[in-house]
Amino acid sequence: MHVILARQQLSPNVTRLDVAAPRIARVRRPGQFVIVRLADCSERIPLTIADADPARGSITLVIQAVGKSTRELSALQPGDSIHDIAGPLGQPTELIPAGTALCIGGGVGTAVVYPIAQGLRQRGARVVSVIGARSSEWIIFQQELASLGDVIVCTDDGSCGRKGFVTDAARDLLEAGGMDIVYAVGPVPMMRAVAELTRRYGTRTIVSLNPVMIDGTGMCGGCRVSVGGAVRFACVEGPEFDGHLVDFNELQDRLSTYREFERRAEACAADACRLNRSPTQP
Ligand code: NAD
Ligand code: FES
């Protein structure tokens, strides 16, 4: 069992949990993730390790409540527990040791960019971050990234920072030159747009993919993605790949496969909740 040590609401549907996991906190590296199961029979949810504190023996998980299981995880309070956490899983980020890295985070993907930016700073690279959100209340990890380098905030509605998508700010930075590599994490359309943009400038681009994952150990094939025409398993060979080689159409297609099942699971959970509250209702 892994006890929740702290909880923070970062945006309307994004929650930060600091969870006791001493061994993972000691050995994890930027870019790696865990698979959590809230209870013995719960769904397995892959989550990037956003931060870790080896002295406290904790890891930080950032959860966007989008379905039944993520809503249950987001509702956990300090003192509650997660049944099991497997990890660290996946390959660590390829970090450049010098030069300038442009780190682009879209929405909740910004929490995935943070450990990459931390790793880059620790290795000695300069970090410039561009983070985007729908509006001001959805911006996360701004202060944490500001402690590592310059941060440009973009909002779709202009309520904070620059109005527009992260790609608008990234274009200006790439046009000015001096970026040795780009790391981009966020919604699939964003990562695709970043990859298309950086291709024009010939700037190496790493994206972190979020396909459906089940076992997380390379056995089920659920997380398969196409990169450079080859099948790759994101859980063991990724989750980070060369953005210029990723088949984003296929990724988007596969991500939508289980949408109807997820919708039904949510409807069932809502029914069960209603029945528990009003057992006399039909
Ligand atoms: P969102 O839809 O609010 O978008 C966040 C920002 O991304 C926008 O403000 C914009 O700046 C940028 N963006 C979005 N679409 C764009 C486009 N077509 N072109 C250029 N920029 C664009 O983000 P959200 O709701 O926080 O993200 C949710 C999605 O992110 C989910 O689909 C989730 O699965 C995915 N996600 C991915 C990872 C990963 O590892 N890649 C991690 C967590 C979540
Ligand atoms: Fe099963 Fe990757 S999640 S092979």
# chains A, B, ... in the order shown; residues from 1 in each chain; ligands from 1
$ closest_atom_pairs --of "chain A" --to "ligand 1" --cutoff "6 Å" --atoms "only C-alpha atoms and all ligand atoms" --output "tab-separated table"
residue	atom	partner	partner_atom_place_in_ligand_line	distance
A:Gly106	CA	ligand 1	7 (O)	3.7
A:Gly107	CA	ligand 1	26 (O)	3.2
A:Val108	CA	ligand 1	26 (O)	4.0
A:Gly109	CA	ligand 1	42 (C)	4.4
A:Gly132	CA	ligand 1	11 (O)	3.9
A:Ala133	CA	ligand 1	9 (O)	3.4
A:Arg134	CA	ligand 1	9 (O)	4.4
A:Thr155	CA	ligand 1	9 (O)	5.5
A:Asp156	CA	ligand 1	9 (O)	5.2
A:Phe165	CA	ligand 1	11 (O)	3.5
A:Val166	CA	ligand 1	11 (O)	4.1
A:Thr167	CA	ligand 1	20 (C)	5.2
A:Val185	CA	ligand 1	41 (N)	4.7
A:Gly186	CA	ligand 1	37 (C)	4.4
A:Pro187	CA	ligand 1	30 (O)	3.5
A:Pro189	CA	ligand 1	18 (N)	4.3
A:Met190	CA	ligand 1	22 (C)	3.8
A:Ala193	CA	ligand 1	19 (N)	5.1
A:Ser208	CA	ligand 1	40 (O)	4.7
A:Leu209	CA	ligand 1	41 (N)	4.5
A:Asn210	CA	ligand 1	40 (O)	4.6
$ residues_near_ligand --ligand "ligand 2" --cutoff "12 Å" --atoms "only C-alpha atoms and all ligand atoms" --output "number ranges by chain"
A: 33-35, 44-46, 89-90, 209-225, 231-239
$ atom_distance --atom1 "CA of Ser159 in chain A" --atom2 "CA of Ser129 in chain A"
18.6 Å
$ closest_residue --among "A:Thr48, A:Thr110, A:Ser226, A:Gln118" --to "Thr60 in chain A" --atoms "only C-alpha atoms"
A:Thr48
$ closest_residue --among "A:Glu144, A:Glu250, A:Asp53, A:Asp180" --to "Pro97 in chain A" --atoms "only C-alpha atoms"
A:Asp180
$ residues_around --residues "range 14-25 of chain A" --least-positions-apart "4" --cutoff "8 Å" --atoms "only C-alpha atoms" --output "PyMOL selection string"
chain A and resi 2-10+52-54+56-65+74+85+87-88+108
$ closest_residue --among "A:Ile152, A:Ile116, A:Cys103, A:Leu245" --to "Gln32 in chain A" --atoms "only C-alpha atoms"
A:Ile116
$ closest_residue --among "A:Arg204, A:Arg192, A:Arg162, A:Arg254" --to "Ala101 in chain A" --atoms "only C-alpha atoms"
A:Arg204
$ atom_distance --atom1 "CA of Gly158 in chain A" --atom2 "CA of Glu137 in chain A"
11.7 Å
$ decode --residues "range 67-186 of chain A" --atoms "C-alpha atoms" --output "PDB file, in the first residue's frame"
ATOM      1  CA  GLY A  67     -12.758   8.910 -16.694  1.00  0.00           C
ATOM      2  CA  LYS A  68     -13.990   6.687 -13.873  1.00  0.00           C
ATOM      3  CA  SER A  69     -10.571   5.517 -12.626  1.00  0.00           C
ATOM      4  CA  THR A  70      -8.844   8.886 -12.865  1.00  0.00           C
ATOM      5  CA  ARG A  71     -11.780  10.510 -11.034  1.00  0.00           C
ATOM      6  CA  GLU A  72     -11.394   7.956  -8.219  1.00  0.00           C
ATOM      7  CA  LEU A  73      -7.645   8.599  -8.026  1.00  0.00           C
ATOM      8  CA  SER A  74      -8.179  12.371  -8.032  1.00  0.00           C
ATOM      9  CA  ALA A  75     -10.587  12.068  -5.101  1.00  0.00           C
ATOM     10  CA  LEU A  76      -7.936  10.515  -2.825  1.00  0.00           C
ATOM     11  CA  GLN A  77      -7.027  12.511   0.264  1.00  0.00           C
ATOM     12  CA  PRO A  78      -3.908  12.489   2.485  1.00  0.00           C
ATOM     13  CA  GLY A  79      -3.963   9.312   4.547  1.00  0.00           C
ATOM     14  CA  ASP A  80      -5.746   7.284   1.837  1.00  0.00           C
ATOM     15  CA  SER A  81      -3.751   4.634  -0.023  1.00  0.00           C
ATOM     16  CA  ILE A  82      -3.096   3.313  -3.513  1.00  0.00           C
ATOM     17  CA  HIS A  83      -3.032  -0.496  -3.582  1.00  0.00           C
ATOM     18  CA  ASP A  84      -0.006  -0.901  -5.831  1.00  0.00           C
ATOM     19  CA  ILE A  85       2.420   1.129  -7.922  1.00  0.00           C
ATOM     20  CA  ALA A  86       4.622  -0.628 -10.491  1.00  0.00           C
ATOM     21  CA  GLY A  87       7.711   1.159 -11.720  1.00  0.00           C
ATOM     22  CA  PRO A  88       9.698   3.024 -12.667  1.00  0.00           C
ATOM     23  CA  LEU A  89       8.789   1.930 -16.198  1.00  0.00           C
ATOM     24  CA  GLY A  90       9.910   3.071 -19.648  1.00  0.00           C
ATOM     25  CA  GLN A  91      13.137   4.526 -20.936  1.00  0.00           C
ATOM     26  CA  PRO A  92      14.565   7.650 -19.304  1.00  0.00           C
ATOM     27  CA  THR A  93      14.619  10.843 -21.376  1.00  0.00           C
ATOM     28  CA  GLU A  94      17.584  11.388 -23.672  1.00  0.00           C
ATOM     29  CA  LEU A  95      18.963  14.579 -22.075  1.00  0.00           C
ATOM     30  CA  ILE A  96      21.385  16.896 -23.836  1.00  0.00           C
ATOM     31  CA  PRO A  97      24.336  17.828 -21.593  1.00  0.00           C
ATOM     32  CA  ALA A  98      24.789  21.376 -22.936  1.00  0.00           C
ATOM     33  CA  GLY A  99      23.189  23.888 -25.267  1.00  0.00           C
ATOM     34  CA  THR A 100      19.597  25.102 -25.152  1.00  0.00           C
ATOM     35  CA  ALA A 101      16.471  22.969 -24.942  1.00  0.00           C
ATOM     36  CA  LEU A 102      13.003  24.217 -25.728  1.00  0.00           C
ATOM     37  CA  CYS A 103      10.499  22.411 -23.482  1.00  0.00           C
ATOM     38  CA  ILE A 104       6.892  22.677 -24.630  1.00  0.00           C
ATOM     39  CA  GLY A 105       4.014  21.591 -22.384  1.00  0.00           C
ATOM     40  CA  GLY A 106       0.353  21.593 -23.374  1.00  0.00           C
ATOM     41  CA  GLY A 107      -2.238  21.379 -20.588  1.00  0.00           C
ATOM     42  CA  VAL A 108      -1.597  18.456 -18.255  1.00  0.00           C
ATOM     43  CA  GLY A 109       1.391  17.479 -20.427  1.00  0.00           C
ATOM     44  CA  THR A 110       3.253  20.333 -18.683  1.00  0.00           C
ATOM     45  CA  ALA A 111       3.586  18.040 -15.645  1.00  0.00           C
ATOM     46  CA  VAL A 112       5.450  15.560 -17.862  1.00  0.00           C
ATOM     47  CA  VAL A 113       7.736  18.283 -19.212  1.00  0.00           C
ATOM     48  CA  TYR A 114       8.797  19.376 -15.705  1.00  0.00           C
ATOM     49  CA  PRO A 115      11.008  16.349 -14.804  1.00  0.00           C
ATOM     50  CA  ILE A 116      12.590  16.580 -18.278  1.00  0.00           C
ATOM     51  CA  ALA A 117      13.416  20.265 -17.704  1.00  0.00           C
ATOM     52  CA  GLN A 118      14.770  19.406 -14.239  1.00  0.00           C
ATOM     53  CA  GLY A 119      17.012  16.705 -15.713  1.00  0.00           C
ATOM     54  CA  LEU A 120      18.258  19.065 -18.421  1.00  0.00           C
ATOM     55  CA  ARG A 121      19.188  21.746 -15.880  1.00  0.00           C
ATOM     56  CA  GLN A 122      20.952  19.197 -13.690  1.00  0.00           C
ATOM     57  CA  ARG A 123      23.015  18.061 -16.672  1.00  0.00           C
ATOM     58  CA  GLY A 124      23.939  21.674 -17.495  1.00  0.00           C
ATOM     59  CA  ALA A 125      21.687  22.583 -20.418  1.00  0.00           C
ATOM     60  CA  ARG A 126      19.791  25.867 -20.638  1.00  0.00           C
ATOM     61  CA  VAL A 127      16.020  25.446 -20.550  1.00  0.00           C
ATOM     62  CA  VAL A 128      13.380  27.659 -22.163  1.00  0.00           C
ATOM     63  CA  SER A 129       9.803  26.527 -21.525  1.00  0.00           C
ATOM     64  CA  VAL A 130       6.621  27.304 -23.403  1.00  0.00           C
ATOM     65  CA  ILE A 131       3.491  26.160 -21.592  1.00  0.00           C
ATOM     66  CA  GLY A 132      -0.073  26.396 -22.845  1.00  0.00           C
ATOM     67  CA  ALA A 133      -3.553  26.030 -21.452  1.00  0.00           C
ATOM     68  CA  ARG A 134      -7.131  26.885 -22.368  1.00  0.00           C
ATOM     69  CA  SER A 135      -7.197  29.761 -19.869  1.00  0.00           C
ATOM     70  CA  SER A 136      -5.414  31.008 -16.761  1.00  0.00           C
ATOM     71  CA  GLU A 137      -6.985  28.537 -14.288  1.00  0.00           C
ATOM     72  CA  TRP A 138      -5.681  25.575 -16.324  1.00  0.00           C
ATOM     73  CA  ILE A 139      -2.003  26.589 -16.190  1.00  0.00           C
ATOM     74  CA  ILE A 140       0.096  24.217 -14.118  1.00  0.00           C
ATOM     75  CA  PHE A 141       3.773  23.950 -13.073  1.00  0.00           C
ATOM     76  CA  GLN A 142       4.525  27.555 -14.094  1.00  0.00           C
ATOM     77  CA  GLN A 143       6.487  28.374 -10.926  1.00  0.00           C
ATOM     78  CA  GLU A 144       8.349  25.069 -10.924  1.00  0.00           C
ATOM     79  CA  LEU A 145       9.491  25.607 -14.528  1.00  0.00           C
ATOM     80  CA  ALA A 146      10.336  29.255 -13.820  1.00  0.00           C
ATOM     81  CA  SER A 147      12.863  28.018 -11.249  1.00  0.00           C
ATOM     82  CA  LEU A 148      14.707  26.252 -14.106  1.00  0.00           C
ATOM     83  CA  GLY A 149      14.726  28.948 -16.803  1.00  0.00           C
ATOM     84  CA  ASP A 150      12.601  31.318 -18.857  1.00  0.00           C
ATOM     85  CA  VAL A 151       8.914  30.452 -19.195  1.00  0.00           C
ATOM     86  CA  ILE A 152       6.483  31.740 -21.807  1.00  0.00           C
ATOM     87  CA  VAL A 153       2.843  31.180 -20.887  1.00  0.00           C
ATOM     88  CA  CYS A 154       0.211  30.917 -23.627  1.00  0.00           C
ATOM     89  CA  THR A 155      -3.538  30.694 -23.194  1.00  0.00           C
ATOM     90  CA  ASP A 156      -6.095  29.991 -25.900  1.00  0.00           C
ATOM     91  CA  ASP A 157      -8.293  32.876 -24.679  1.00  0.00           C
ATOM     92  CA  GLY A 158      -5.500  35.293 -23.738  1.00  0.00           C
ATOM     93  CA  SER A 159      -6.509  35.343 -20.041  1.00  0.00           C
ATOM     94  CA  CYS A 160      -2.840  34.889 -19.068  1.00  0.00           C
ATOM     95  CA  GLY A 161       0.381  35.424 -20.978  1.00  0.00           C
ATOM     96  CA  ARG A 162       0.350  35.359 -24.728  1.00  0.00           C
ATOM     97  CA  LYS A 163      -2.935  34.648 -26.556  1.00  0.00           C
ATOM     98  CA  GLY A 164      -2.706  31.579 -28.784  1.00  0.00           C
ATOM     99  CA  PHE A 165      -1.324  28.050 -28.934  1.00  0.00           C
ATOM    100  CA  VAL A 166       2.105  26.987 -27.727  1.00  0.00           C
ATOM    101  CA  THR A 167       3.115  26.570 -31.363  1.00  0.00           C
ATOM    102  CA  ASP A 168       2.752  30.328 -31.919  1.00  0.00           C
ATOM    103  CA  ALA A 169       5.334  31.133 -29.235  1.00  0.00           C
ATOM    104  CA  ALA A 170       7.525  28.194 -30.282  1.00  0.00           C
ATOM    105  CA  ARG A 171       7.569  29.455 -33.882  1.00  0.00           C
ATOM    106  CA  ASP A 172       8.983  32.814 -32.772  1.00  0.00           C
ATOM    107  CA  LEU A 173      11.670  31.148 -30.663  1.00  0.00           C
ATOM    108  CA  LEU A 174      12.662  28.780 -33.468  1.00  0.00           C
ATOM    109  CA  GLU A 175      12.722  31.653 -35.921  1.00  0.00           C
ATOM    110  CA  ALA A 176      15.143  33.527 -33.618  1.00  0.00           C
ATOM    111  CA  GLY A 177      17.395  30.431 -33.597  1.00  0.00           C
ATOM    112  CA  GLY A 178      19.601  28.900 -30.924  1.00  0.00           C
ATOM    113  CA  MET A 179      17.382  25.943 -29.960  1.00  0.00           C
ATOM    114  CA  ASP A 180      19.358  22.686 -30.027  1.00  0.00           C
ATOM    115  CA  ILE A 181      16.468  20.345 -29.257  1.00  0.00           C
ATOM    116  CA  VAL A 182      12.742  20.459 -28.545  1.00  0.00           C
ATOM    117  CA  TYR A 183      10.850  18.315 -26.023  1.00  0.00           C
ATOM    118  CA  ALA A 184       7.056  18.446 -26.427  1.00  0.00           C
ATOM    119  CA  VAL A 185       4.350  16.816 -24.301  1.00  0.00           C
ATOM    120  CA  GLY A 186       0.621  17.414 -24.471  1.00  0.00           C
TER     121      GLY A 186
END
